[in-house]
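Undergrad: Data file coords.cif (mmCIF, C-alpha atoms and all ligand atoms) is appended below.
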```cif
data_work
loop_
_atom_site.label_atom_id
_atom_site.label_comp_id
_atom_site.auth_asym_id
_atom_site.auth_seq_id
_atom_site.Cartn_x
_atom_site.Cartn_y
_atom_site.Cartn_z
CA MET A 270 -97.78 -63.17 -36.09
CA ALA A 271 -98.79 -59.98 -34.39
CA ILE A 272 -97.82 -56.39 -33.85
CA LYS A 273 -97.45 -55.89 -30.10
CA PRO A 274 -97.73 -52.69 -28.07
CA ILE A 275 -94.30 -51.33 -27.11
CA LEU A 276 -93.76 -50.55 -23.42
CA GLU A 277 -92.60 -47.01 -22.80
CA TYR A 278 -90.42 -45.35 -20.18
CA PRO A 279 -90.96 -45.10 -17.21
CA ASP A 280 -92.83 -48.44 -17.24
CA PRO A 281 -91.21 -50.51 -14.43
CA ARG A 282 -91.41 -53.69 -16.52
CA LEU A 283 -88.62 -52.25 -18.69
CA ARG A 284 -86.36 -52.45 -15.62
CA GLU A 285 -86.61 -56.18 -15.08
CA GLN A 286 -83.87 -58.68 -15.94
CA SER A 287 -84.56 -61.04 -18.80
CA THR A 288 -83.74 -64.72 -18.46
CA PRO A 289 -81.89 -66.87 -21.01
CA VAL A 290 -83.98 -69.09 -23.27
CA ASP A 291 -83.35 -72.73 -22.37
CA VAL A 292 -86.10 -74.47 -24.35
CA PHE A 293 -86.21 -73.47 -28.01
CA ASP A 294 -89.87 -74.23 -28.56
CA ALA A 295 -92.70 -72.73 -30.63
CA THR A 296 -93.20 -69.92 -28.09
CA VAL A 297 -89.69 -68.67 -28.82
CA ALA A 298 -90.33 -68.73 -32.58
CA ARG A 299 -93.62 -66.89 -32.04
CA ALA A 300 -91.97 -64.24 -29.85
CA ALA A 301 -89.33 -63.72 -32.55
CA GLU A 302 -92.03 -63.34 -35.21
CA ASP A 303 -93.96 -60.85 -33.06
CA LEU A 304 -90.75 -58.89 -32.50
CA ILE A 305 -90.04 -58.75 -36.23
CA ASP A 306 -93.62 -57.70 -37.04
CA THR A 307 -93.54 -55.00 -34.37
CA LEU A 308 -90.09 -53.83 -35.46
CA HIS A 309 -91.18 -53.52 -39.08
CA ALA A 310 -94.43 -51.77 -38.15
CA SER A 311 -92.48 -49.19 -36.18
CA ARG A 312 -89.92 -48.73 -38.99
CA SER A 313 -87.02 -49.13 -36.62
CA ILE A 314 -83.82 -51.21 -36.75
CA GLY A 315 -83.85 -53.06 -33.44
CA LEU A 316 -86.27 -54.34 -30.81
CA SER A 317 -85.90 -56.51 -27.72
CA ALA A 318 -88.39 -58.88 -26.08
CA PRO A 319 -88.77 -56.88 -22.82
CA GLN A 320 -90.07 -53.97 -24.91
CA ILE A 321 -93.08 -56.11 -25.84
CA ASP A 322 -93.47 -57.40 -22.28
CA ASP A 323 -91.63 -60.73 -22.71
CA ARG A 324 -88.75 -61.22 -20.25
CA ARG A 325 -86.65 -63.62 -22.32
CA GLN A 326 -83.27 -62.88 -23.89
CA ILE A 327 -84.56 -62.48 -27.44
CA LEU A 328 -83.94 -59.53 -29.74
CA VAL A 329 -84.28 -58.74 -33.43
CA MET A 330 -82.61 -56.34 -35.84
CA ASP A 331 -83.15 -55.44 -39.48
CA HIS A 332 -80.71 -53.03 -41.10
CA SER A 333 -82.00 -53.42 -44.67
CA GLN A 334 -83.75 -50.55 -46.46
CA ASP A 335 -86.76 -52.67 -47.43
CA GLN A 336 -87.28 -54.73 -44.24
CA SER A 337 -86.08 -57.83 -46.08
CA SER A 338 -83.37 -59.01 -43.68
CA PRO A 339 -84.66 -59.50 -40.14
CA GLU A 340 -82.25 -61.35 -37.85
CA VAL A 341 -82.98 -62.97 -34.50
CA PHE A 342 -80.47 -63.08 -31.62
CA ILE A 343 -81.15 -65.26 -28.59
CA ASN A 344 -79.05 -65.36 -25.40
CA PRO A 345 -76.43 -63.07 -26.98
CA VAL A 346 -73.07 -62.71 -25.22
CA VAL A 347 -70.37 -60.20 -26.13
CA LEU A 348 -66.98 -61.92 -26.49
CA SER A 349 -64.90 -58.88 -27.40
CA LYS A 350 -65.35 -55.18 -28.13
CA ARG A 351 -63.23 -52.42 -29.59
CA ARG A 352 -63.15 -49.10 -31.46
CA TYR A 353 -65.16 -47.00 -29.04
CA GLY A 354 -66.94 -43.94 -30.35
CA PHE A 355 -69.93 -41.67 -29.80
CA VAL A 356 -73.07 -42.64 -31.68
CA GLU A 357 -76.53 -41.11 -31.73
CA GLU A 358 -79.22 -43.44 -30.48
CA ARG A 359 -82.98 -43.44 -30.26
CA CYS A 360 -85.27 -45.91 -28.56
CA LEU A 361 -88.86 -46.93 -29.27
CA SER A 362 -89.41 -47.16 -25.50
CA VAL A 363 -88.04 -43.65 -24.85
CA PRO A 364 -89.55 -41.91 -27.87
CA ASP A 365 -88.97 -38.31 -26.86
CA ILE A 366 -85.19 -38.21 -26.95
CA LYS A 367 -82.10 -39.01 -28.90
CA ALA A 368 -78.76 -39.21 -27.16
CA MET A 369 -75.09 -39.54 -27.92
CA VAL A 370 -73.82 -42.75 -26.36
CA PHE A 371 -70.21 -43.91 -26.03
CA ARG A 372 -70.00 -47.49 -27.24
CA PRO A 373 -67.73 -49.99 -28.96
CA THR A 374 -68.41 -50.08 -32.71
CA GLN A 375 -66.80 -53.46 -33.39
CA ILE A 376 -67.88 -56.48 -31.43
CA LYS A 377 -67.67 -60.23 -31.51
CA ILE A 378 -70.66 -62.05 -30.10
CA ARG A 379 -71.97 -65.52 -29.45
CA THR A 380 -75.67 -65.95 -30.10
CA ALA A 381 -78.30 -68.62 -30.69
CA ASP A 382 -80.89 -68.68 -33.46
CA ILE A 383 -84.51 -69.78 -32.98
CA HIS A 384 -83.49 -73.44 -33.28
CA GLY A 385 -80.95 -73.13 -30.47
CA GLU A 386 -77.95 -73.29 -32.82
CA PHE A 387 -75.11 -71.19 -31.43
CA SER A 388 -72.70 -69.31 -33.63
CA GLU A 389 -70.09 -66.57 -33.32
CA ARG A 390 -70.59 -63.36 -35.26
CA GLU A 391 -68.63 -60.18 -35.83
CA LEU A 392 -70.60 -56.95 -36.08
CA GLU A 393 -69.36 -53.52 -37.03
CA GLY A 394 -70.81 -50.01 -37.09
CA MET A 395 -74.57 -49.54 -36.68
CA PRO A 396 -75.39 -53.26 -36.29
CA ALA A 397 -72.84 -53.49 -33.43
CA VAL A 398 -74.15 -50.38 -31.71
CA CYS A 399 -77.78 -51.41 -32.19
CA LEU A 400 -77.16 -54.89 -30.81
CA LEU A 401 -75.51 -53.43 -27.68
CA HIS A 402 -78.47 -51.06 -27.24
CA GLU A 403 -80.91 -53.98 -27.47
CA MET A 404 -78.76 -56.05 -25.09
CA ASP A 405 -79.03 -53.20 -22.56
CA HIS A 406 -82.80 -53.79 -22.56
CA LEU A 407 -82.20 -57.41 -21.49
CA ILE A 408 -80.63 -56.14 -18.25
CA GLY A 409 -83.18 -53.37 -17.70
CA LYS A 410 -80.91 -50.55 -18.83
CA LEU A 411 -82.40 -47.71 -20.89
CA LEU A 412 -81.27 -44.83 -23.03
CA ALA A 413 -82.86 -42.61 -20.37
CA ASP A 414 -80.02 -43.68 -18.02
CA ARG A 415 -77.36 -42.54 -20.44
CA ILE A 416 -78.45 -38.94 -20.93
CA ASN A 417 -77.27 -35.82 -19.15
CA TRP A 418 -79.17 -33.69 -16.68
CA PHE A 419 -80.42 -31.28 -19.36
CA LYS A 420 -81.87 -34.00 -21.57
CA ARG A 421 -83.38 -35.79 -18.58
CA ARG A 422 -85.22 -32.58 -17.70
CA LYS A 423 -86.49 -32.37 -21.28
CA LEU A 424 -87.64 -35.99 -21.11
CA ARG A 425 -89.49 -35.36 -17.82
CA LYS A 426 -91.26 -32.38 -19.40
CA ALA A 427 -92.30 -34.39 -22.45
CA LEU A 428 -93.66 -37.13 -20.18
CA ALA A 429 -95.60 -34.64 -18.08
CA GLN A 430 -97.14 -33.16 -21.23
CA LYS A 431 -98.13 -36.62 -22.43
CA GLN A 432 -99.80 -37.41 -19.11
CA ALA A 433 -101.68 -34.10 -19.21
CA ARG A 434 -103.21 -34.93 -22.58
ZN ZN B 1 -84.29 -49.28 -27.02
#
```
Write the structure described by the file as structure tokens, please.
TA:
Amino acid sequence: MAIKPILEYPDPRLREQSTPVDVFDATVARAAEDLIDTLHASRSIGLSAPQIDDRRQILVMDHSQDQSSPEVFINPVVLSKRRYGFVEERCLSVPDIKAMVFRPTQIKIRTADIHGEFSERELEGMPAVCLLHEMDHLIGKLLADRINWFKRRKLRKALAQKQAR
């Protein structure tokens, strides 16, 4: 178990495609544990493997108040989506912004657990939106791509200030 450093925009590693897990071995379980530890340490609700420099299709979420209910999703696939709406999102890898994103808020997914057992799940509201955000990371897509010109300018300024420090 370990808390890992989180890669931040514009790190090019965040742009790479993640590959599906085909062998559900101890390295997968360890990656899931590291993701959960890192998620809890950062007091967030979702984190994907590419954010801790692991290009496998693994992500975790915990929507409980007391960090008691971490869940692991491996090789997730969206089967259906509906009820689109605007939701405010933040990202641990793009820490300087929040953005309104247009997304489905009800989804049906197929996902594996750490043992490679597949199941279908229905998610609604924040868990649905969060899962889709984390799935974006698996294909190298970032919140920074979903913001308007004005916010992108603000993000560039914040990055320049950080580099100047
Ligand atoms: Zn994110």
Undergrad: May I ask you to write as a PDB file with C-alpha atoms, keeping the file's coordinate frame all residues lying at most 7 Å from ligand ZN 1 (chain B), with only C-alpha atoms and all ligand atoms counted?
TA:
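Okay, selection39.pdb is ready:
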```pdb
ATOM      1  CA  LEU A 316     -86.270 -54.340 -30.810  1.00  0.00           C
ATOM      2  CA  ARG A 359     -82.980 -43.440 -30.260  1.00  0.00           C
ATOM      3  CA  CYS A 360     -85.270 -45.910 -28.560  1.00  0.00           C
ATOM      4  CA  LEU A 361     -88.860 -46.930 -29.270  1.00  0.00           C
ATOM      5  CA  SER A 362     -89.410 -47.160 -25.500  1.00  0.00           C
ATOM      6  CA  HIS A 402     -78.470 -51.060 -27.240  1.00  0.00           C
ATOM      7  CA  GLU A 403     -80.910 -53.980 -27.470  1.00  0.00           C
ATOM      8  CA  HIS A 406     -82.800 -53.790 -22.560  1.00  0.00           C
ATOM      9  CA  LEU A 411     -82.400 -47.710 -20.890  1.00  0.00           C
ATOM     10  CA  LEU A 412     -81.270 -44.830 -23.030  1.00  0.00           C
TER      11      LEU A 412
END
```
Undergrad: Need the shell around range 381-384 of chain A: protein/DNA/RNA residues with any atom at most 6 Å away, counting all atoms listed in the file. Skip same-chain ones fewer than 4 positions apart. Format as a list in words?
TA: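 Those residues are Phe293, Ala298, Phe342 and Ile343 of chain A.
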Undergrad: Skipping near chain neighbours, those fewer than 4 positions away, what residues fall within 10 Å of Thr288 in chain A using all atoms listed in the file, listed as a VMD selection string?
TA: chain A and resid 323 to 327 344 407 to 408
Undergrad: Measuring atom to atom with all atoms listed in the file, identify which of A:Lys420, A:His309, A:Arg415, A:Lys350 is nearest to Pro373 in chain A.
TA: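 Distance minimum relative to Pro373 in chain A lands on A:Lys350.
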Undergrad: Leaving out Ile376 in chain A and any residue of its chain fewer than 4 positions from it, which residues lie within 7 Å of it when counting all atoms listed in the file, given as a count of residues only?
TA: 8
Undergrad: Excluding same-chain residues fewer than 6 positions from Pro339 in chain A, what lies within 10 Å of it counting all atoms listed in the file, as a list in words?
TA: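 Here the answer would be Ala301, Glu302, Leu304, Ile305, Asp306, Leu308, His309, Ile314, Gly315, Val329, Met330, Asp331, His332 and Ser333 of chain A.
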Undergrad: Tell me which of A:Pro289, A:Pro364, A:Pro319, A:Gly385 sits closest to Lys273 in chain A, counting all atoms listed in the file.
TA: A:Pro319
Undergrad: Set the distance at 9 Å and use all atoms listed in the file: which residues neighbour Lys423 in chain A once local chain neighbours fewer than 4 positions away are removed? I'd like the list as a list in words.
TA: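 Using all atoms listed in the file, the neighbours found are Asp365, Ile366, Trp418, Phe419, Ala427 and Leu428 of chain A.
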Undergrad: Just how far from CA of Arg282 in chain A is CA of Thr380 in chain A, in Å to one decimal?
TA: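 Calculated distance between CA of Thr380 in chain A and CA of Arg282 in chain A is 24.1 Å.
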Undergrad: Taking all atoms listed in the file into account, name the residue in A:Arg422, A:Arg299, A:Arg352, A:Arg312 that is nearest to Ala271 in chain A.
TA: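 Looking only at the distances to Ala271 in chain A, the closest residue turns out to be A:Arg299.
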Undergrad: Between A:Leu328, A:Ala310, A:Leu348, A:Val341, single out the one closest to Ser287 in chain A, counting all atoms listed in the file.
TA: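 Closest candidate: A:Leu328.
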Undergrad: Measuring between all atoms listed in the file, which one of A:Val363, A:Thr374, A:Ile416, A:Met404 shows the shortest distance to Tyr278 in chain A?
TA: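 Between A:Val363, A:Thr374, A:Ile416, A:Met404, the residue approaching Tyr278 in chain A most closely is A:Val363.
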Undergrad: Can you measure CA of Asn417 in chain A to CA of Val346 in chain A for me? One decimal in Å is fine.
TA: 27.9 Å
Undergrad: Would you mind telling me which residue in A:Thr296, A:Gln286, A:Gln336, A:Ser388 lies nearest to Gln320 in chain A when using all atoms listed in the file?
TA: A:Gln286
Undergrad: To one decimal place, how far is CA of Glu285 in chain A from CA of Glu386 in chain A in Å?
TA: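 Taking CA of Glu285 in chain A and CA of Glu386 in chain A, their separation equals 26.1 Å.
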Undergrad: Reconstruct all heavy atoms of range 410-421 of chain A; output as a PDB file, keeping the file's coordinate frame.
TA:
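What landed in selection_15.pdb:
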```pdb
ATOM      1  N   LYS A 410     -81.585 -51.843 -18.685  1.00  0.00           N
ATOM      2  CA  LYS A 410     -80.910 -50.550 -18.830  1.00  0.00           C
ATOM      3  C   LYS A 410     -81.513 -49.797 -20.022  1.00  0.00           C
ATOM      4  O   LYS A 410     -81.763 -50.401 -21.063  1.00  0.00           O
ATOM      5  CB  LYS A 410     -79.422 -50.817 -19.082  1.00  0.00           C
ATOM      6  CG  LYS A 410     -78.539 -49.657 -18.789  1.00  0.00           C
ATOM      7  CD  LYS A 410     -77.099 -50.140 -18.759  1.00  0.00           C
ATOM      8  CE  LYS A 410     -76.158 -48.995 -18.485  1.00  0.00           C
ATOM      9  NZ  LYS A 410     -74.767 -49.421 -18.461  1.00  0.00           N
ATOM     10  N   LEU A 411     -81.716 -48.486 -19.851  1.00  0.00           N
ATOM     11  CA  LEU A 411     -82.400 -47.710 -20.890  1.00  0.00           C
ATOM     12  C   LEU A 411     -81.590 -46.500 -21.321  1.00  0.00           C
ATOM     13  O   LEU A 411     -80.743 -46.001 -20.573  1.00  0.00           O
ATOM     14  CB  LEU A 411     -83.750 -47.218 -20.364  1.00  0.00           C
ATOM     15  CG  LEU A 411     -84.801 -48.290 -20.064  1.00  0.00           C
ATOM     16  CD1 LEU A 411     -86.001 -47.651 -19.383  1.00  0.00           C
ATOM     17  CD2 LEU A 411     -85.225 -48.990 -21.339  1.00  0.00           C
ATOM     18  N   LEU A 412     -81.895 -46.041 -22.516  1.00  0.00           N
ATOM     19  CA  LEU A 412     -81.270 -44.830 -23.030  1.00  0.00           C
ATOM     20  C   LEU A 412     -81.446 -43.659 -22.055  1.00  0.00           C
ATOM     21  O   LEU A 412     -80.580 -42.801 -21.931  1.00  0.00           O
ATOM     22  CB  LEU A 412     -81.889 -44.492 -24.396  1.00  0.00           C
ATOM     23  CG  LEU A 412     -81.171 -43.489 -25.283  1.00  0.00           C
ATOM     24  CD1 LEU A 412     -79.743 -43.928 -25.562  1.00  0.00           C
ATOM     25  CD2 LEU A 412     -81.926 -43.302 -26.587  1.00  0.00           C
ATOM     26  N   ALA A 413     -82.578 -43.678 -21.342  1.00  0.00           N
ATOM     27  CA  ALA A 413     -82.860 -42.610 -20.370  1.00  0.00           C
ATOM     28  C   ALA A 413     -81.803 -42.557 -19.262  1.00  0.00           C
ATOM     29  O   ALA A 413     -81.634 -41.536 -18.605  1.00  0.00           O
ATOM     30  CB  ALA A 413     -84.242 -42.819 -19.760  1.00  0.00           C
ATOM     31  N   ASP A 414     -81.077 -43.655 -19.042  1.00  0.00           N
ATOM     32  CA  ASP A 414     -80.020 -43.680 -18.020  1.00  0.00           C
ATOM     33  C   ASP A 414     -78.727 -43.079 -18.532  1.00  0.00           C
ATOM     34  O   ASP A 414     -77.809 -42.826 -17.763  1.00  0.00           O
ATOM     35  CB  ASP A 414     -79.710 -45.124 -17.598  1.00  0.00           C
ATOM     36  CG  ASP A 414     -80.945 -45.880 -17.182  1.00  0.00           C
ATOM     37  OD1 ASP A 414     -81.857 -45.232 -16.641  1.00  0.00           O
ATOM     38  OD2 ASP A 414     -80.991 -47.096 -17.408  1.00  0.00           O
ATOM     39  N   ARG A 415     -78.630 -42.927 -19.835  1.00  0.00           N
ATOM     40  CA  ARG A 415     -77.360 -42.540 -20.440  1.00  0.00           C
ATOM     41  C   ARG A 415     -77.341 -41.071 -20.870  1.00  0.00           C
ATOM     42  O   ARG A 415     -76.450 -40.648 -21.567  1.00  0.00           O
ATOM     43  CB  ARG A 415     -77.085 -43.414 -21.667  1.00  0.00           C
ATOM     44  CG  ARG A 415     -76.831 -44.878 -21.328  1.00  0.00           C
ATOM     45  CD  ARG A 415     -76.620 -45.657 -22.589  1.00  0.00           C
ATOM     46  NE  ARG A 415     -76.180 -47.019 -22.375  1.00  0.00           N
ATOM     47  CZ  ARG A 415     -74.911 -47.376 -22.210  1.00  0.00           C
ATOM     48  NH1 ARG A 415     -73.958 -46.478 -22.231  1.00  0.00           N
ATOM     49  NH2 ARG A 415     -74.599 -48.635 -22.033  1.00  0.00           N
ATOM     50  N   ILE A 416     -78.385 -40.328 -20.495  1.00  0.00           N
ATOM     51  CA  ILE A 416     -78.450 -38.940 -20.930  1.00  0.00           C
ATOM     52  C   ILE A 416     -78.062 -37.994 -19.799  1.00  0.00           C
ATOM     53  O   ILE A 416     -78.129 -38.357 -18.628  1.00  0.00           O
ATOM     54  CB  ILE A 416     -79.865 -38.576 -21.463  1.00  0.00           C
ATOM     55  CG1 ILE A 416     -80.928 -38.890 -20.401  1.00  0.00           C
ATOM     56  CG2 ILE A 416     -80.134 -39.329 -22.756  1.00  0.00           C
ATOM     57  CD1 ILE A 416     -82.328 -38.521 -20.825  1.00  0.00           C
ATOM     58  N   ASN A 417     -77.693 -36.788 -20.158  1.00  0.00           N
ATOM     59  CA  ASN A 417     -77.270 -35.820 -19.150  1.00  0.00           C
ATOM     60  C   ASN A 417     -78.473 -35.143 -18.482  1.00  0.00           C
ATOM     61  O   ASN A 417     -79.625 -35.337 -18.865  1.00  0.00           O
ATOM     62  CB  ASN A 417     -76.309 -34.790 -19.760  1.00  0.00           C
ATOM     63  CG  ASN A 417     -76.972 -34.002 -20.882  1.00  0.00           C
ATOM     64  OD1 ASN A 417     -78.189 -33.840 -20.908  1.00  0.00           O
ATOM     65  ND2 ASN A 417     -76.162 -33.510 -21.806  1.00  0.00           N
ATOM     66  N   TRP A 418     -78.148 -34.345 -17.494  1.00  0.00           N
ATOM     67  CA  TRP A 418     -79.170 -33.690 -16.680  1.00  0.00           C
ATOM     68  C   TRP A 418     -80.142 -32.877 -17.543  1.00  0.00           C
ATOM     69  O   TRP A 418     -81.341 -32.931 -17.355  1.00  0.00           O
ATOM     70  CB  TRP A 418     -78.451 -32.771 -15.682  1.00  0.00           C
ATOM     71  CG  TRP A 418     -79.370 -31.875 -14.943  1.00  0.00           C
ATOM     72  CD1 TRP A 418     -80.061 -32.185 -13.806  1.00  0.00           C
ATOM     73  CD2 TRP A 418     -79.731 -30.544 -15.295  1.00  0.00           C
ATOM     74  NE1 TRP A 418     -80.831 -31.121 -13.430  1.00  0.00           N
ATOM     75  CE2 TRP A 418     -80.640 -30.097 -14.325  1.00  0.00           C
ATOM     76  CE3 TRP A 418     -79.367 -29.683 -16.334  1.00  0.00           C
ATOM     77  CZ2 TRP A 418     -81.203 -28.816 -14.373  1.00  0.00           C
ATOM     78  CZ3 TRP A 418     -79.924 -28.411 -16.385  1.00  0.00           C
ATOM     79  CH2 TRP A 418     -80.829 -27.999 -15.401  1.00  0.00           C
ATOM     80  N   PHE A 419     -79.594 -32.164 -18.523  1.00  0.00           N
ATOM     81  CA  PHE A 419     -80.420 -31.280 -19.360  1.00  0.00           C
ATOM     82  C   PHE A 419     -81.440 -32.085 -20.154  1.00  0.00           C
ATOM     83  O   PHE A 419     -82.627 -31.763 -20.204  1.00  0.00           O
ATOM     84  CB  PHE A 419     -79.512 -30.477 -20.300  1.00  0.00           C
ATOM     85  CG  PHE A 419     -80.269 -29.567 -21.210  1.00  0.00           C
ATOM     86  CD1 PHE A 419     -80.843 -28.402 -20.752  1.00  0.00           C
ATOM     87  CD2 PHE A 419     -80.409 -29.897 -22.546  1.00  0.00           C
ATOM     88  CE1 PHE A 419     -81.552 -27.563 -21.597  1.00  0.00           C
ATOM     89  CE2 PHE A 419     -81.122 -29.067 -23.409  1.00  0.00           C
ATOM     90  CZ  PHE A 419     -81.689 -27.911 -22.939  1.00  0.00           C
ATOM     91  N   LYS A 420     -80.967 -33.165 -20.768  1.00  0.00           N
ATOM     92  CA  LYS A 420     -81.870 -34.000 -21.570  1.00  0.00           C
ATOM     93  C   LYS A 420     -82.886 -34.729 -20.696  1.00  0.00           C
ATOM     94  O   LYS A 420     -84.008 -34.983 -21.107  1.00  0.00           O
ATOM     95  CB  LYS A 420     -81.062 -35.012 -22.378  1.00  0.00           C
ATOM     96  CG  LYS A 420     -80.444 -34.375 -23.607  1.00  0.00           C
ATOM     97  CD  LYS A 420     -80.424 -35.351 -24.758  1.00  0.00           C
ATOM     98  CE  LYS A 420     -80.061 -34.633 -26.045  1.00  0.00           C
ATOM     99  NZ  LYS A 420     -78.956 -35.257 -26.723  1.00  0.00           N
ATOM    100  N   ARG A 421     -82.453 -35.096 -19.477  1.00  0.00           N
ATOM    101  CA  ARG A 421     -83.380 -35.790 -18.580  1.00  0.00           C
ATOM    102  C   ARG A 421     -84.528 -34.863 -18.199  1.00  0.00           C
ATOM    103  O   ARG A 421     -85.671 -35.281 -18.090  1.00  0.00           O
ATOM    104  CB  ARG A 421     -82.616 -36.278 -17.342  1.00  0.00           C
ATOM    105  CG  ARG A 421     -83.343 -37.396 -16.613  1.00  0.00           C
ATOM    106  CD  ARG A 421     -82.440 -38.118 -15.652  1.00  0.00           C
ATOM    107  NE  ARG A 421     -81.399 -38.849 -16.345  1.00  0.00           N
ATOM    108  CZ  ARG A 421     -80.169 -39.016 -15.879  1.00  0.00           C
ATOM    109  NH1 ARG A 421     -79.826 -38.523 -14.725  1.00  0.00           N
ATOM    110  NH2 ARG A 421     -79.287 -39.710 -16.564  1.00  0.00           N
TER     111      ARG A 421
END
```
